[in-house]
Amino acid sequence: MFTADSKTLSRIAPVVRRVVVVDPNASAARLMTDIIKGFGAREVYVEGDEDLAMELIRDVEPGVIFTEYSGQTLSGESLARKVRRSHMTCRTAPIIMVTAEATAATIRGARDAGVHEFLRKPFTTGDLFKRVENVALKPRPWVEAVGYVGPDRRRFNSGEYSGAKKRRGDTDGGSVVDVRDQATRILVAAMTQFDQDPMQAVRAVRQQAATLKGLAVRTADAKLAIAAAALESYLASGTPSKAGLAQPIGAILSLNPSTQAPAQQAG
């Protein structure tokens, strides 16, 4: 029989206090509800339809979302993308996909949609608890790009992989070079894809400006600090435009020769 120590339960309590379960199978939803109540969940809301689930998530602002991969009126991947790209306060809440459709394509799709964890059905209570423990106690860096919004995919846990880390810089925080490189590449992508999704492009630029500013302070890089502050100042001055972003982003990219920047051509 599964048991969890009281100290761990108290640490995950803030995350599981309010939970949304999205599953069109009523019996599966009841089972999930019973299990997570055993983890300390106080409020559990259930919905099986994607559009209604979005309304529910918006209303209750859960600390964690469990979703099935698919149903007659549900796509777990679509739901995850909608949550991630929404204006909801809970848009960064952990999403755990629980499904019997655990193919390689399904796992990759969940990861690329912004899902935190993936769990194959049938599962044990211990398996589910490990996923909850991961999202509650081992938070992953958040990536606010244009093509992707969600937790760092390099630490995605499909439950199927137990080998070594896949990339040289795949650590909890990443090296200074890795962090800076990712931030500048996201800036390039944001400029390139600005016309397709201006709202998300601005979101991505805003996060990278904050990331690079923090990195500049950490490394005592005065030039980067000035360039990042200039970008933040522009973002705060009004509604950003692609043309207006070209100069401050170009200044940042010029400090990182390894990144090829189309920013100066953004007009």
# chains A, B, ... in the order shown; residues from 1 in each chain; ligands from 1

call {"tool": "residues_around", "arguments": {"residues": "region 25-31 of chain A", "least_positions_apart": "3", "cutoff": "12 Å", "atoms": "only C-alpha atoms", "output": "PyMOL selection string"}}
result
chain A and resi 19-22+34-38+44-49+66-74+98-100+121-125+128

call {"tool": "residues_around", "arguments": {"residues": "Phe129 (chain A)", "least_positions_apart": "3", "cutoff": "12 Å", "atoms": "only C-alpha atoms", "output": "count of residues only"}}
result
28

call {"tool": "residues_around", "arguments": {"residues": "Asp152 (chain A)", "least_positions_apart": "4", "cutoff": "8 Å", "atoms": "only C-alpha atoms", "output": "JSON, numbers by chain"}}
result
{"A": [140, 141, 142, 143, 156]}

call {"tool": "residues_around", "arguments": {"residues": "Arg17 (chain A)", "least_positions_apart": "5", "cutoff": "7 Å", "atoms": "only C-alpha atoms", "output": "MDAnalysis selection string"}}
result
chainID A and resid 40:43 63

call {"tool": "write_last_selection", "arguments": {"atoms": "all heavy atoms", "output": "mmCIF file, in the first residue's frame"}}
result
data_model
loop_
_atom_site.group_PDB
_atom_site.id
_atom_site.type_symbol
_atom_site.label_atom_id
_atom_site.label_comp_id
_atom_site.auth_asym_id
_atom_site.auth_seq_id
_atom_site.Cartn_x
_atom_site.Cartn_y
_atom_site.Cartn_z
ATOM 1 N N GLY A 40 -3.798 15.129 -0.471
ATOM 2 C CA GLY A 40 -4.081 16.371 0.241
ATOM 3 C C GLY A 40 -4.884 17.385 -0.534
ATOM 4 O O GLY A 40 -5.082 18.512 -0.062
ATOM 5 N N ALA A 41 -5.357 17.034 -1.739
ATOM 6 C CA ALA A 41 -6.153 17.970 -2.525
ATOM 7 C C ALA A 41 -7.448 18.309 -1.798
ATOM 8 O O ALA A 41 -8.142 17.415 -1.305
ATOM 9 C CB ALA A 41 -6.461 17.384 -3.896
ATOM 10 N N ARG A 42 -7.763 19.590 -1.730
ATOM 11 C CA ARG A 42 -8.989 20.023 -1.054
ATOM 12 C C ARG A 42 -10.128 20.270 -2.026
ATOM 13 O O ARG A 42 -11.295 20.046 -1.702
ATOM 14 C CB ARG A 42 -8.715 21.305 -0.254
ATOM 15 C CG ARG A 42 -7.705 21.125 0.872
ATOM 16 C CD ARG A 42 -7.532 22.409 1.644
ATOM 17 N NE ARG A 42 -6.555 22.288 2.714
ATOM 18 C CZ ARG A 42 -6.226 23.273 3.542
ATOM 19 N NH1 ARG A 42 -6.801 24.456 3.413
ATOM 20 N NH2 ARG A 42 -5.323 23.075 4.484
ATOM 21 N N GLU A 43 -9.797 20.789 -3.196
ATOM 22 C CA GLU A 43 -10.806 21.085 -4.202
ATOM 23 C C GLU A 43 -10.407 20.399 -5.506
ATOM 24 O O GLU A 43 -9.346 20.683 -6.044
ATOM 25 C CB GLU A 43 -10.931 22.589 -4.435
ATOM 26 C CG GLU A 43 -11.271 23.393 -3.189
ATOM 27 C CD GLU A 43 -11.189 24.887 -3.456
ATOM 28 O OE1 GLU A 43 -11.568 25.324 -4.564
ATOM 29 O OE2 GLU A 43 -10.719 25.622 -2.571
ATOM 30 N N GLY A 63 -3.808 24.725 -9.102
ATOM 31 C CA GLY A 63 -2.363 24.650 -8.890
ATOM 32 C C GLY A 63 -1.734 23.584 -9.757
ATOM 33 O O GLY A 63 -0.526 23.604 -10.015
#

call {"tool": "closest_residue", "arguments": {"among": "A:Thr192, A:Val202, A:Leu253, A:Lys223", "to": "Arg180 (chain A)", "atoms": "only C-alpha atoms"}}
result
A:Leu253

call {"tool": "closest_residue", "arguments": {"among": "A:Ser175, A:Thr184, A:Ser6, A:Gln193", "to": "Leu255 (chain A)", "atoms": "only C-alpha atoms"}}
result
A:Thr184

call {"tool": "select_by_dssp", "arguments": {"residues": "region 8-237 of chain A", "states": "alpha helix (DSSP H)", "output": "PyMOL selection string"}}
result
chain A and resi 8-16+26-38+50-60+76-84+104-113+125-137+176-192+198-219+222-236

call {"tool": "select_by_dssp", "arguments": {"residues": "region 13-186 of chain A", "states": "strand (DSSP E or B)", "output": "PyMOL selection string"}}
result
chain A and resi 18-22+43-47+64-67+70-71+74-75+95-99+117-120+142-144+149-151+157

call {"tool": "atom_distance", "arguments": {"atom1": "CA of Thr89 (chain A)", "atom2": "CA of Glu50 (chain A)"}}
result
18.6 Å
